[in-house]
Each structure stands twice: as C-alpha cells, then as structure tokens.
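The data block below is data.cif; it holds mmCIF, C-alpha atoms.
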```
data_upload
#
loop_
_atom_site.label_atom_id
_atom_site.label_comp_id
_atom_site.auth_asym_id
_atom_site.auth_seq_id
_atom_site.Cartn_x
_atom_site.Cartn_y
_atom_site.Cartn_z
CA MET D 32 95.98 105.51 73.30
CA ARG D 33 99.68 106.12 72.99
CA ILE D 34 101.19 106.60 76.44
CA ALA D 35 104.76 107.87 76.84
CA LEU D 36 106.38 107.07 80.16
CA LEU D 37 109.27 109.50 80.56
CA GLY D 38 111.41 108.06 83.29
CA GLY D 39 109.82 104.77 82.34
CA THR D 40 113.00 103.04 83.44
CA GLY D 41 112.39 103.84 87.14
CA ASP D 42 110.14 101.93 89.49
CA ILE D 43 106.80 103.71 89.12
CA GLY D 44 107.40 104.06 85.37
CA GLU D 45 108.24 100.38 85.12
CA GLY D 46 105.09 99.40 86.95
CA LEU D 47 102.83 101.58 84.84
CA ALA D 48 104.49 100.36 81.61
CA LEU D 49 104.04 96.71 82.56
CA ARG D 50 100.47 97.09 83.80
CA TRP D 51 99.25 99.09 80.80
CA ALA D 52 100.94 96.67 78.42
CA TYR D 53 99.60 93.62 80.29
CA ASP D 54 96.06 94.77 81.08
CA THR D 55 95.17 96.97 78.10
CA ASN D 56 95.68 97.60 74.40
CA HIS D 57 97.22 101.01 74.91
CA GLU D 58 100.54 101.59 73.18
CA VAL D 59 103.37 102.05 75.69
CA VAL D 60 106.50 104.03 74.84
CA VAL D 61 109.36 104.20 77.33
CA GLY D 62 111.36 107.43 77.45
CA SER D 63 114.70 108.25 79.04
CA ARG D 64 117.36 110.89 78.62
CA ASP D 65 119.54 107.96 77.52
CA PRO D 66 117.97 106.29 74.45
CA ASP D 67 120.02 103.09 74.96
CA LYS D 68 118.63 102.74 78.47
CA ALA D 69 115.09 103.37 77.17
CA ARG D 70 115.49 100.68 74.48
CA ALA D 71 117.02 98.20 76.93
CA LYS D 72 114.17 98.68 79.39
CA ALA D 73 111.53 98.43 76.67
CA GLU D 74 113.07 95.10 75.61
CA GLU D 75 113.17 93.92 79.21
CA TYR D 76 109.45 94.73 79.60
CA GLU D 77 108.64 92.95 76.33
CA THR D 78 110.52 89.86 77.50
CA GLU D 79 108.65 89.93 80.81
CA LEU D 80 105.30 90.20 79.01
CA ASP D 81 106.27 87.58 76.43
CA SER D 82 107.01 85.14 79.26
CA ARG D 83 103.38 85.63 80.32
CA GLY D 84 102.04 85.01 76.83
CA VAL D 85 101.38 88.66 76.05
CA ASP D 86 102.59 89.64 72.61
CA CYS D 87 102.99 93.39 72.53
CA LYS D 88 105.41 95.95 71.19
CA ILE D 89 106.96 98.32 73.72
CA THR D 90 109.37 100.83 72.24
CA GLY D 91 112.09 102.89 73.88
CA PHE D 92 113.33 106.32 72.84
CA GLU D 93 115.04 109.44 74.07
CA ASN D 94 112.41 111.53 75.93
CA GLU D 95 111.47 113.96 73.16
CA MET D 96 110.99 111.20 70.60
CA ALA D 97 109.02 109.17 73.14
CA ALA D 98 106.71 112.10 73.88
CA ASP D 99 106.23 112.97 70.22
CA ARG D 100 102.70 112.12 69.07
CA ALA D 101 101.84 110.59 72.45
CA ASP D 102 98.30 111.20 73.68
CA VAL D 103 99.44 111.08 77.28
CA VAL D 104 102.91 111.87 78.61
CA VAL D 105 103.70 110.68 82.14
CA PHE D 106 106.64 112.44 83.82
CA ALA D 107 107.73 109.54 86.04
CA VAL D 108 110.94 111.33 87.00
CA PRO D 109 112.26 112.62 90.33
CA PRO D 110 110.92 116.11 91.11
CA TYR D 111 114.31 117.78 90.79
CA HIS D 112 114.52 116.57 87.17
CA ILE D 113 111.02 117.55 86.12
CA ARG D 114 111.75 121.08 84.93
CA GLY D 115 114.63 119.84 82.80
CA VAL D 116 112.68 116.99 81.25
CA ILE D 117 109.73 119.26 80.51
CA GLU D 118 112.08 121.68 78.78
CA ASP D 119 113.54 118.79 76.76
CA VAL D 120 110.13 117.77 75.43
CA ALA D 121 108.22 121.09 75.43
CA GLY D 122 108.43 121.34 71.64
CA VAL D 123 106.27 118.26 71.16
CA LEU D 124 103.65 119.04 73.82
CA ASP D 125 100.46 120.75 72.71
CA ASP D 126 96.88 121.10 73.86
CA ASP D 127 96.16 117.61 72.51
CA THR D 128 98.73 116.10 74.87
CA ILE D 129 97.75 115.28 78.44
CA VAL D 130 100.64 115.61 80.86
CA VAL D 131 100.50 113.36 83.93
CA THR D 132 102.69 113.94 86.97
CA PRO D 133 103.17 111.29 89.68
CA ALA D 134 106.21 112.95 91.31
CA VAL D 135 106.42 114.12 94.92
CA GLY D 136 108.90 116.43 96.64
CA MET D 137 110.20 114.92 99.87
CA ASN D 138 113.12 115.14 102.19
CA ARG D 139 114.38 112.64 104.70
CA ASP D 140 115.71 113.17 108.20
CA ASP D 141 116.19 110.95 111.23
CA ASP D 142 112.44 110.84 111.87
CA GLY D 143 111.47 109.76 108.40
CA MET D 144 110.21 111.28 105.17
CA HIS D 145 108.60 114.69 105.03
CA TYR D 146 106.53 116.32 102.35
CA SER D 147 108.55 119.15 100.83
CA PRO D 148 106.66 120.77 97.96
CA PRO D 149 108.10 123.43 95.67
CA ASN D 150 107.18 127.06 96.36
CA VAL D 151 104.15 126.94 94.08
CA GLY D 152 102.58 124.46 96.52
CA SER D 153 102.93 121.08 94.82
CA VAL D 154 104.86 119.32 92.09
CA THR D 155 101.60 119.14 90.14
CA ALA D 156 101.34 122.96 90.24
CA LEU D 157 105.02 123.24 89.25
CA VAL D 158 104.39 121.04 86.22
CA ARG D 159 101.30 123.07 85.29
CA ASP D 160 103.38 126.26 85.49
CA THR D 161 106.26 124.76 83.46
CA VAL D 162 104.53 123.08 80.52
CA PRO D 163 103.55 125.24 77.54
CA ASP D 164 100.26 127.12 77.99
CA ALA D 165 97.11 125.15 77.19
CA VAL D 166 98.73 121.76 77.84
CA PRO D 167 96.43 120.09 80.40
CA VAL D 168 98.11 118.65 83.51
CA VAL D 169 96.79 115.89 85.75
CA GLY D 170 98.40 114.66 88.97
CA ALA D 171 98.01 110.89 89.41
CA PHE D 172 99.66 107.64 90.53
CA HIS D 173 101.54 109.26 93.46
CA ASN D 174 100.51 106.81 96.12
CA LEU D 175 100.99 103.46 94.41
CA ALA D 176 103.13 100.79 95.96
CA ALA D 177 105.87 100.62 93.31
CA ASP D 178 107.03 97.05 93.88
CA ARG D 179 103.49 95.70 93.80
CA LEU D 180 102.71 97.74 90.71
CA ALA D 181 105.70 96.26 88.88
CA ASN D 182 105.03 92.68 89.99
CA LEU D 183 102.41 91.23 87.65
CA ASP D 184 102.00 88.23 89.94
CA VAL D 185 100.42 90.48 92.55
CA GLU D 186 96.79 91.55 92.39
CA LEU D 187 96.87 95.28 93.02
CA ALA D 188 93.60 95.91 94.93
CA LEU D 189 94.74 99.49 95.45
CA ASP D 190 93.32 102.97 95.08
CA THR D 191 94.93 105.96 93.44
CA LEU D 192 93.90 109.60 93.31
CA VAL D 193 93.77 112.18 90.54
CA VAL D 194 93.83 115.97 90.66
CA GLY D 195 93.42 118.30 87.74
CA ASP D 196 91.72 121.49 86.57
CA ASP D 197 90.96 120.30 83.02
CA LEU D 198 88.01 118.00 83.56
CA ASP D 199 88.22 116.31 80.15
CA ALA D 200 91.90 115.52 80.63
CA LYS D 201 91.26 114.28 84.15
CA ASP D 202 88.48 112.06 82.87
CA ILE D 203 90.80 110.45 80.33
CA VAL D 204 93.43 109.79 83.00
CA VAL D 205 90.76 108.29 85.27
CA ARG D 206 89.80 105.93 82.46
CA LEU D 207 93.43 105.02 81.71
CA ALA D 208 94.02 104.29 85.38
CA THR D 209 90.80 102.30 85.68
CA ASP D 210 91.93 100.21 82.70
CA ILE D 211 94.61 98.74 84.97
CA ASP D 212 93.16 95.68 86.70
CA GLY D 213 92.74 96.11 90.44
CA LEU D 214 93.23 99.87 90.43
CA THR D 215 90.38 102.05 91.71
CA VAL D 216 90.54 105.77 91.03
CA HIS D 217 89.07 108.62 93.07
CA ASP D 218 88.91 112.30 92.18
CA ALA D 219 90.62 114.56 94.72
CA GLY D 220 89.54 117.77 92.95
CA GLY D 221 91.63 120.51 91.36
CA ILE D 222 95.38 121.08 91.33
CA ALA D 223 94.95 123.29 94.40
CA ASN D 224 94.24 120.03 96.25
CA ALA D 225 97.44 118.34 95.07
CA PRO D 226 99.47 118.89 98.28
CA GLU D 227 97.24 116.59 100.33
CA VAL D 228 97.50 113.93 97.58
CA GLU D 229 101.26 114.21 97.13
CA SER D 230 101.90 114.11 100.87
CA LEU D 231 100.53 110.56 100.98
CA THR D 232 103.83 109.34 99.56
CA PRO D 233 106.07 110.31 102.50
CA LEU D 234 103.32 109.06 104.83
CA LEU D 235 103.37 105.65 103.17
CA ILE D 236 107.16 105.50 103.43
CA ASN D 237 106.94 106.38 107.13
CA LEU D 238 104.38 103.63 107.66
CA ALA D 239 106.61 101.15 105.84
CA MET D 240 109.53 102.15 108.08
CA ASN D 241 107.60 101.86 111.34
CA ASN D 242 105.36 98.81 110.91
CA ASP D 243 106.01 95.16 110.24
CA GLY D 244 104.07 93.93 107.25
CA LEU D 245 103.70 97.31 105.57
CA HIS D 246 106.88 97.13 103.47
CA ASP D 247 105.25 98.10 100.18
CA VAL D 248 102.08 99.65 101.46
CA GLY D 249 99.23 101.16 99.47
CA ILE D 250 95.84 102.61 100.35
CA THR D 251 92.18 101.87 99.99
CA PHE D 252 89.62 104.62 100.60
CA HIS D 253 86.22 103.29 101.61
CA MET J 135 91.89 103.18 132.13
CA ARG J 136 90.18 106.48 132.74
CA ILE J 137 89.86 108.39 129.46
CA ALA J 138 88.78 112.03 129.43
CA LEU J 139 87.39 113.27 126.14
CA LEU J 140 87.63 117.05 126.21
CA GLY J 141 85.35 118.27 123.46
CA GLY J 142 83.61 114.95 123.93
CA THR J 143 80.40 116.63 122.81
CA GLY J 144 81.62 117.04 119.21
CA ASP J 145 81.57 114.42 116.51
CA ILE J 146 84.96 112.72 116.87
CA GLY J 147 84.66 112.96 120.67
CA GLU J 148 81.19 111.45 120.54
CA GLY J 149 82.38 108.56 118.41
CA LEU J 150 85.34 107.77 120.63
CA ALA J 151 83.19 108.01 123.79
CA LEU J 152 80.58 105.62 122.39
CA ARG J 153 83.08 103.14 120.97
CA TRP J 154 85.24 102.94 124.11
CA ALA J 155 82.15 102.63 126.29
CA TYR J 156 80.60 100.00 124.00
CA ASP J 157 83.67 97.92 123.13
CA THR J 158 85.80 98.13 126.29
CA ASN J 159 85.79 98.46 130.05
CA HIS J 160 87.65 101.75 130.06
CA GLU J 161 86.04 104.54 132.04
CA VAL J 162 84.88 107.38 129.78
CA VAL J 163 84.56 110.95 131.05
CA VAL J 164 83.15 113.65 128.78
CA GLY J 165 84.56 117.15 129.17
CA SER J 166 83.33 120.50 127.91
CA ARG J 167 83.83 124.15 128.80
CA ASP J 168 80.12 124.04 129.67
CA PRO J 169 79.53 121.44 132.41
CA ASP J 170 75.79 121.28 131.68
CA LYS J 171 76.53 120.38 128.08
CA ALA J 172 79.05 117.74 129.19
CA ARG J 173 76.51 116.18 131.56
CA ALA J 174 73.74 116.25 128.94
CA LYS J 175 75.98 114.54 126.37
CA ALA J 176 77.17 111.94 128.88
CA GLU J 177 73.53 111.11 129.64
CA GLU J 178 72.75 110.94 125.93
CA TYR J 179 75.61 108.47 125.42
CA GLU J 180 74.48 106.38 128.39
CA THR J 181 70.95 106.24 126.98
CA GLU J 182 72.31 105.17 123.59
CA LEU J 183 74.40 102.42 125.20
CA ASP J 184 71.58 101.36 127.52
CA SER J 185 69.36 100.87 124.46
CA ARG J 186 71.95 98.37 123.26
CA GLY J 187 72.03 96.52 126.56
CA VAL J 188 75.33 98.02 127.72
CA ASP J 189 75.18 99.15 131.30
CA CYS J 190 77.96 101.65 131.87
CA LYS J 191 78.50 104.92 133.64
CA ILE J 192 79.63 107.86 131.51
CA THR J 193 80.12 111.07 133.43
CA GLY J 194 80.28 114.66 132.20
CA PHE J 195 82.22 117.54 133.73
CA GLU J 196 83.77 120.88 132.99
CA ASN J 197 87.10 120.21 131.22
CA GLU J 198 89.46 120.56 134.19
CA MET J 199 87.38 118.23 136.37
CA ALA J 200 87.08 115.78 133.49
CA ALA J 201 90.85 115.72 132.97
CA ASP J 202 91.61 115.43 136.68
CA ARG J 203 92.97 111.95 137.47
CA ALA J 204 92.45 110.76 133.91
CA ASP J 205 95.12 108.42 132.53
CA VAL J 206 94.55 109.69 129.03
CA VAL J 207 93.19 113.10 128.02
CA VAL J 208 91.98 113.46 124.43
CA PHE J 209 91.73 117.04 123.16
CA ALA J 210 88.90 116.50 120.68
CA VAL J 211 88.49 120.23 120.14
CA PRO J 212 88.94 122.45 117.08
CA PRO J 213 92.58 123.49 116.63
CA TYR J 214 91.90 127.16 117.35
CA HIS J 215 90.57 126.19 120.81
CA ILE J 216 93.38 123.83 121.75
CA ARG J 217 95.70 126.33 123.40
CA GLY J 218 92.87 127.67 125.53
CA VAL J 219 91.65 124.25 126.60
CA ILE J 220 95.19 123.12 127.42
CA GLU J 221 95.64 126.22 129.59
CA ASP J 222 92.33 125.46 131.33
CA VAL J 223 93.46 121.98 132.33
CA ALA J 224 97.26 122.37 132.59
CA GLY J 225 97.10 122.24 136.40
CA VAL J 226 95.89 118.63 136.36
CA LEU J 227 98.23 117.31 133.65
CA ASP J 228 101.42 115.61 134.77
CA ASP J 229 103.90 113.07 133.46
CA ASP J 230 101.44 110.31 134.34
CA THR J 231 98.85 111.77 131.97
CA ILE J 232 98.99 110.94 128.29
CA VAL J 233 97.68 113.73 126.10
CA VAL J 234 96.14 112.68 122.78
CA THR J 235 95.48 115.13 119.97
CA PRO J 236 93.24 114.29 116.99
CA ALA J 237 92.84 117.90 115.76
CA VAL J 238 93.88 119.17 112.33
CA GLY J 239 94.37 122.72 111.06
CA MET J 240 92.58 123.26 107.76
CA ASN J 241 91.15 126.01 105.65
CA ARG J 242 88.55 125.84 102.94
CA ASP J 243 88.39 127.65 99.63
CA ASP J 244 86.51 127.11 96.37
CA ASP J 245 88.68 124.10 95.52
CA GLY J 246 88.18 122.26 98.77
CA MET J 247 89.96 121.77 102.07
CA HIS J 248 93.65 122.46 102.51
CA TYR J 249 96.03 121.45 105.25
CA SER J 250 97.01 124.52 107.23
CA PRO J 251 99.26 123.60 110.12
CA PRO J 252 100.40 126.05 112.80
CA ASN J 253 103.89 127.52 112.48
CA VAL J 254 105.46 124.75 114.55
CA GLY J 255 104.56 122.33 111.75
CA SER J 256 101.54 120.42 113.06
CA VAL J 257 98.82 120.62 115.67
CA THR J 258 100.50 117.67 117.38
CA ALA J 259 103.71 119.71 117.71
CA LEU J 260 101.71 122.71 118.95
CA VAL J 261 100.12 120.56 121.65
CA ARG J 262 103.53 119.16 122.61
CA ASP J 263 104.87 122.71 122.94
CA THR J 264 101.85 123.90 124.94
CA VAL J 265 101.35 121.18 127.56
CA PRO J 266 103.50 121.31 130.71
CA ASP J 267 106.98 119.82 130.29
CA ALA J 268 107.22 116.05 130.66
CA VAL J 269 103.58 115.43 129.70
CA PRO J 270 103.74 112.93 126.82
CA VAL J 271 101.78 113.81 123.68
CA VAL J 272 100.47 111.39 121.05
CA GLY J 273 98.72 112.34 117.82
CA ALA J 274 95.96 109.89 116.90
CA PHE J 275 92.44 109.44 115.51
CA HIS J 276 92.80 112.24 112.92
CA ASN J 277 91.60 110.30 109.94
CA LEU J 278 88.53 108.53 111.25
CA ALA J 279 85.19 108.86 109.52
CA ALA J 280 83.27 110.66 112.29
CA ASP J 281 79.75 109.58 111.39
CA ARG J 282 80.76 105.94 111.10
CA LEU J 283 82.68 106.13 114.36
CA ALA J 284 79.61 107.46 116.17
CA ASN J 285 77.20 104.95 114.61
CA LEU J 286 77.47 101.74 116.60
CA ASP J 287 75.42 99.91 113.95
CA VAL J 288 78.34 100.27 111.53
CA GLU J 289 81.32 97.95 111.59
CA LEU J 290 84.33 100.26 111.41
CA ALA J 291 86.88 98.25 109.40
CA LEU J 292 89.12 101.31 109.38
CA ASP J 293 92.73 102.16 110.07
CA THR J 294 94.07 105.00 112.14
CA LEU J 295 97.60 106.29 112.63
CA VAL J 296 99.58 107.36 115.67
CA VAL J 297 102.59 109.65 116.02
CA GLY J 298 104.55 110.33 119.17
CA ASP J 299 108.03 110.70 120.59
CA ASP J 300 107.32 108.97 123.93
CA LEU J 301 107.25 105.32 122.93
CA ASP J 302 105.57 104.10 126.13
CA ALA J 303 102.78 106.64 125.78
CA LYS J 304 102.39 105.81 122.11
CA ASP J 305 102.17 102.14 122.94
CA ILE J 306 99.34 102.76 125.40
CA VAL J 307 97.41 104.80 122.85
CA VAL J 308 97.94 102.06 120.26
CA ARG J 309 96.43 99.57 122.69
CA LEU J 310 93.50 101.84 123.56
CA ALA J 311 92.78 102.34 119.87
CA THR J 312 93.11 98.63 119.15
CA ASP J 313 90.59 97.96 121.92
CA ILE J 314 87.95 99.53 119.65
CA ASP J 315 86.46 96.77 117.49
CA GLY J 316 87.29 97.12 113.82
CA LEU J 317 90.01 99.72 114.30
CA THR J 318 93.52 98.86 113.11
CA VAL J 319 96.38 101.07 114.24
CA HIS J 320 99.66 101.82 112.47
CA ASP J 321 102.66 103.72 113.78
CA ALA J 322 103.62 106.72 111.63
CA GLY J 323 106.71 107.51 113.71
CA GLY J 324 107.58 110.61 115.73
CA ILE J 325 105.82 113.96 116.05
CA ALA J 326 108.03 115.26 113.23
CA ASN J 327 105.95 113.01 110.98
CA ALA J 328 102.61 114.45 112.15
CA PRO J 329 102.04 116.79 109.15
CA GLU J 330 101.63 113.88 106.72
CA VAL J 331 99.19 112.22 109.13
CA GLU J 332 97.16 115.34 109.85
CA SER J 333 96.92 116.25 106.16
CA LEU J 334 94.90 113.08 105.55
CA THR J 335 91.87 114.84 107.02
CA PRO J 336 91.49 117.56 104.34
CA LEU J 337 92.25 114.90 101.72
CA LEU J 338 89.39 112.73 102.97
CA ILE J 339 87.04 115.73 102.92
CA ASN J 340 88.09 116.51 99.34
CA LEU J 341 87.44 112.91 98.34
CA ALA J 342 84.02 113.02 99.99
CA MET J 343 83.22 116.21 98.05
CA ASN J 344 84.34 114.88 94.67
CA ASN J 345 83.19 111.26 94.60
CA ASP J 346 79.83 109.57 94.88
CA GLY J 347 79.81 106.94 97.60
CA LEU J 348 82.66 108.41 99.63
CA HIS J 349 80.49 110.60 101.88
CA ASP J 350 82.04 109.48 105.16
CA VAL J 351 85.27 108.00 103.88
CA GLY J 352 88.05 106.37 105.86
CA ILE J 353 91.26 104.60 104.96
CA THR J 354 92.81 101.19 105.01
CA PHE J 355 96.57 100.79 104.57
CA HIS J 356 97.58 97.42 103.21
#
```
Would you encode the structure as structure tokens?
Amino acid sequence: MRIALLGGTGDIGEGLALRWAYDTNHEVVVGSRDPDKARAKAEEYETELDSRGVDCKITGFENEMAADRADVVVFAVPPYHIRGVIEDVAGVLDDDTIVVTPAVGMNRDDDGMHYSPPNVGSVTALVRDTVPDAVPVVGAFHNLAADRLANLDVELALDTLVVGDDLDAKDIVVRLATDIDGLTVHDAGGIANAPEVESLTPLLINLAMNNDGLHDVGITFH
Amino acid sequence: MRIALLGGTGDIGEGLALRWAYDTNHEVVVGSRDPDKARAKAEEYETELDSRGVDCKITGFENEMAADRADVVVFAVPPYHIRGVIEDVAGVLDDDTIVVTPAVGMNRDDDGMHYSPPNVGSVTALVRDTVPDAVPVVGAFHNLAADRLANLDVELALDTLVVGDDLDAKDIVVRLATDIDGLTVHDAGGIANAPEVESLTPLLINLAMNNDGLHDVGITFH
C-alpha cells in the first residue's frame, strides 16, 4: 500500500515512516506544508534505513502531492492544524482513500496534561466531519511512545487502539498497524468511543512526569 | 492498617477485600448500607480465605460502623450513591482518615461505554468536595479487572494508578496497593488529572466488548 504521512516530519510521523519502511514493503510518502522539509526528512529516513541495510525509497512532497494517489493518508499533525491540512488535501481524498488520525487535543496546566477535545467530542470526530463525504476515517496510533517508535533499535512490545465506523477501512488500518513488528492492535469500537482512546495520551504524559522510569511510556492491554 | 471497604459487597470491593486479606496483614472491614449483607459477605470472604489456609478475621458492618476508626475508607460504590454514602459516614471521617475513591461515572449507548464525569470534572473531585474539610482523598483502583482481582487463583500482573493532592495520603495508598501481590502502582499526579485516569474504565469495557480474549482486561504501563 501507499501510505502518506502528512506531518511525517514530526515525531509520531517519523516513527511510523521508519517502522513501515523498515518492517514492511508498503510505500511511504512523507508530506509537509514545506516540500523542502518533506524531502529533507525523507532523505534522512532513507539514510537511517540504508545504514541498517534496508534499501527502500521514501519520497517527500508538499501535503497535497503526498496524499495524491495514496491508499492511506495519516494526518500526523497537531490538532489545531488538522482542519487546515485537510482543506489543503481535500481535492485528492475520495472514498478509496482511508484517512487515519492519531492527533489528540490537550492542554497543560500546573497539574499536568488534560484531555481537551473539540466540541464534536474528539479529534477523530472532527476529522470525520471535515473530510469530504464518503471518505472513511479511522482513529489510530494515539497512544504510542513516540521516541520508542522512532528508535529502530528498540523492540516496541506495545499496543495501540483503533476506532472507526467503516469496518473495512478499520480492518485495513488494523492490518497496516499489525504489519509493524511488536505492535499489537485492539479495536476500541466506533468513532463515538474515540474520546476514551484519545485521552490516553495526556494520561501517558502525566505518568511520564510523575514516575521514574516511565519517560517514554506505552501501554499493554491484557 | 484498618481498611474499610464501603460497598465491599460489590465486585471491586470484593476483590480488594480478598486480596488485602490474602496478601497482607491489614485488617479488612466490609461495609454496606445493609448490615446483614455486610456480615454475610464478610463471612463468605472468610470462608474463601479459610479454604486457602488463611486464617483471618473479616468483619461486616453498616457503613458508618465500618468506617469508624478505619485508617483508610474505600468508597467502592457506584458514583450515583457516593454522595449519599459519604453523608452517611461523614461523622466518623477526620483528617486521620484517608478516603479512597475507585468509582467512575459512565453511560452506555449503542456504541459502548462513555466517560461521563460529574460537573466538577471527575468522581475523585466530587468526593474531595463532598467529604468534610481536611479529609484527604485519593483516587485509585479504577482500572482493575474486577473478576481477576476477585479470583485468588489468578496472578494479577496488573498496574493501577493513583491521583491525589495530599502527598502523604497518596503515599500510604501507593503502599497499600503495592502490598497486593502482582499489583504495580503508578502516580498520575493530582486530582486535576483524575479524568484521564477514570476514563480508562469505559475504555477497558469497550475493548472487552470489541476484542476476543480481552473479556476481563487490565493494563500494564511500560
């Protein structure tokens, strides 16, 4: 599959790009609003993979070109940029494109991080309401430990959760996620259940802040 | 320590009563609005422990008597009963009593369970606002798999989280939780961080509903 990682220059995007390129034969395309930054990051990922004996082509483009003809488009961008990035690429999204959203709305105060979803209830619901009609949306990859994901020396041994109302699209995302070595995927239900999934992210940050040894913490459900 | 489990006849209360009685030397007192029910459950727990060669005394009382002179009072009651039960026992709570709240506000619809906190932001905050001033409140034990907790044949191998603003009280609850074999405790920060902890419970129920093999699911953070 051709996977476009919009915001593929940030930490979760970087991790997903590296892992898919390293563990699978899927084609990875890095997107950014700045095409030079996208190209530079794609080259950096290629160099990293080359140093590990993996010969693969990762390309970098401005977001709309990156999303064009992708089977799966991951919006690995901060939640306050999502609407804008969706608008930038809406012309190339159709019902054959699966949109994946890993973003979480949070705010920080003296106590820590707090889940702060948009009015529609979750970022996943916001994305569903913003993409063109009939484009299936799946929430996934929210609760991954970004540094571990991006460090190919580390065995992941982590779980991630998916939510979505289009069962075929969700199934494809489950398979794409399972293709990453050491990642176990569980189904958290429909998009109505996204808030409880997204709110894991501030929880994990709070645990990292308050406990020695949980700097880059992930989860296993068992 | 003397631990009163109000609502100690329900599933999370049952599990905590059995585990503390089995794994530790803490004194366990079961509380209920109905003293006959409390006594019957206490006897049932004693019989269960006796069958495993553990000779210990578990007593059962009406809630106020159970809470009287307890070091720690756990309100293992549904969230819509918490205010009432706190009012019933307020006369015997003082700044030497640590109040522990494992309850979570949820509602269910066709999609699954959803976190539904009270207006003050979390059940933990509601309990803090309802107990007499100066009584320290700690949120804990929300995300335990109840059936596994209550089944002494099962090795727990689970994590649980604590939140609280009184660090001494939180430290005592951490130690009491750690005294249970197979339970690892992490600090999620202050009561302001309780929503992200409490919302794990509907998430776990949604995972149990949507995945084979996750019937009584718990969490490990690592």
- Written as a list in words, what is the full residue list that the PyMOL selection byres ((chain J) within 7 of (chain D)) yields on the file shown?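 Matching residues under the PyMOL selection byres ((chain J) within 7 of (chain D)) are Asp245, Gly246, His248, His320, Asp321, Ala322, Gly323, Gly324, Ala326, Asn327, Glu330, Val331, Ser333, Leu334, Leu337, Asn340, Leu341, Asn344, Asn345, Leu348, Val351, Gly352, Ile353, Thr354, Phe355 and His356 of chain J.
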- What residues come out when you apply the PyMOL selection byres ((chain J and resi 200-211) around 9) to this file, written as a ChimeraX atom specification? /J:135-147,163-166,193-199,212-216,219-220,223,225-227,230-237,307
- Message: Need the shell around range 198-200 of chain D: protein/DNA/RNA residues with any atom at most 8 Å away, counting all atoms listed in the file. Skip same-chain ones fewer than 5 positions apart. Format as number ranges by chain?
- Response: D: 129, 167-169
- Find the distance between CA of Gly136 in chain D and CA of Arg159 in chain D and write it in Å to one decimal. 15.2 Å
- Taking into account only C-alpha atoms, which residue in the set J:Lys175, J:Lys191, J:Arg217, J:Arg282 is nearest to Thr264 in chain J?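 The answer is J:Arg217, which sits nearest to Thr264 in chain J.
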- In Å, with one decimal, what is the gap from CA of Thr158 in chain J to CA of Asp313 in chain J?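 Atom-to-atom, CA of Thr158 in chain J and CA of Asp313 in chain J are spaced 6.5 Å apart.
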Edge lengths and centre in Å, axis-aligned, range 93-98 of chain D plus 5 Å each side, as lines of an AutoDock Vina configuration file:
```
center_x = 110.9
center_y = 111.6
center_z = 73.3
size_x = 18.3
size_y = 14.8
size_z = 15.3
```
- Report the distance between CA of Tyr76 in chain D and CA of Thr209 in chain D in Å, rounded to one decimal place.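 Answer for the CA of Tyr76 in chain D to CA of Thr209 in chain D separation: 21.0 Å.
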- Given the file shown, enumerate the residues that the PyMOL selection byres ((chain J and resi 286) around 10) captures and present them as a PyMOL selection string. chain J and resi 149+152-153+156-157+182-183+186+281-285+287-290
- For Glu177 in chain J, the nearest of the candidates J:Pro266, J:Glu148, J:Thr258, J:Trp154, counting all atoms listed in the file: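 Going through J:Pro266, J:Glu148, J:Thr258, J:Trp154 one by one, the smallest distance to Glu177 in chain J is for J:Glu148.
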Is there a way to complete range 140-145 of chain D with all heavy atoms and then write that out as a short mmCIF file (atom, residue, chain, number, x, y, z; two decimals), in the coordinates of the input?
```cif
data_model
loop_
_atom_site.label_atom_id
_atom_site.label_comp_id
_atom_site.auth_asym_id
_atom_site.auth_seq_id
_atom_site.Cartn_x
_atom_site.Cartn_y
_atom_site.Cartn_z
N ASP D 140 114.82 112.92 107.06
CA ASP D 140 115.71 113.17 108.20
C ASP D 140 115.64 111.96 109.13
O ASP D 140 115.13 110.91 108.72
CB ASP D 140 115.36 114.49 108.90
CG ASP D 140 113.98 114.47 109.54
OD1 ASP D 140 113.41 113.38 109.72
OD2 ASP D 140 113.48 115.56 109.86
N ASP D 141 116.14 112.11 110.34
CA ASP D 141 116.19 110.95 111.23
C ASP D 141 114.80 110.42 111.59
O ASP D 141 114.65 109.25 111.95
CB ASP D 141 116.93 111.31 112.53
CG ASP D 141 118.42 111.48 112.29
OD1 ASP D 141 118.89 111.08 111.21
OD2 ASP D 141 119.09 112.03 113.17
N ASP D 142 113.79 111.28 111.52
CA ASP D 142 112.44 110.84 111.87
C ASP D 142 111.77 110.08 110.74
O ASP D 142 110.89 109.26 110.98
CB ASP D 142 111.58 112.05 112.24
CG ASP D 142 112.06 112.70 113.52
OD1 ASP D 142 111.89 112.07 114.57
OD2 ASP D 142 112.62 113.80 113.47
N GLY D 143 112.14 110.41 109.52
CA GLY D 143 111.47 109.76 108.40
C GLY D 143 111.41 110.69 107.20
O GLY D 143 112.25 111.56 107.03
N MET D 144 110.40 110.47 106.37
CA MET D 144 110.21 111.28 105.17
C MET D 144 109.22 112.40 105.45
O MET D 144 108.25 112.20 106.18
CB MET D 144 109.67 110.41 104.03
CG MET D 144 110.68 109.44 103.49
SD MET D 144 112.10 110.29 102.75
CE MET D 144 111.80 109.87 101.04
N HIS D 145 109.48 113.54 104.83
CA HIS D 145 108.60 114.69 105.03
C HIS D 145 108.24 115.29 103.68
O HIS D 145 109.10 115.39 102.79
CB HIS D 145 109.28 115.74 105.90
CG HIS D 145 109.76 115.18 107.20
ND1 HIS D 145 108.90 114.79 108.19
CD2 HIS D 145 111.00 114.89 107.64
CE1 HIS D 145 109.60 114.30 109.20
NE2 HIS D 145 110.88 114.33 108.89
#
```
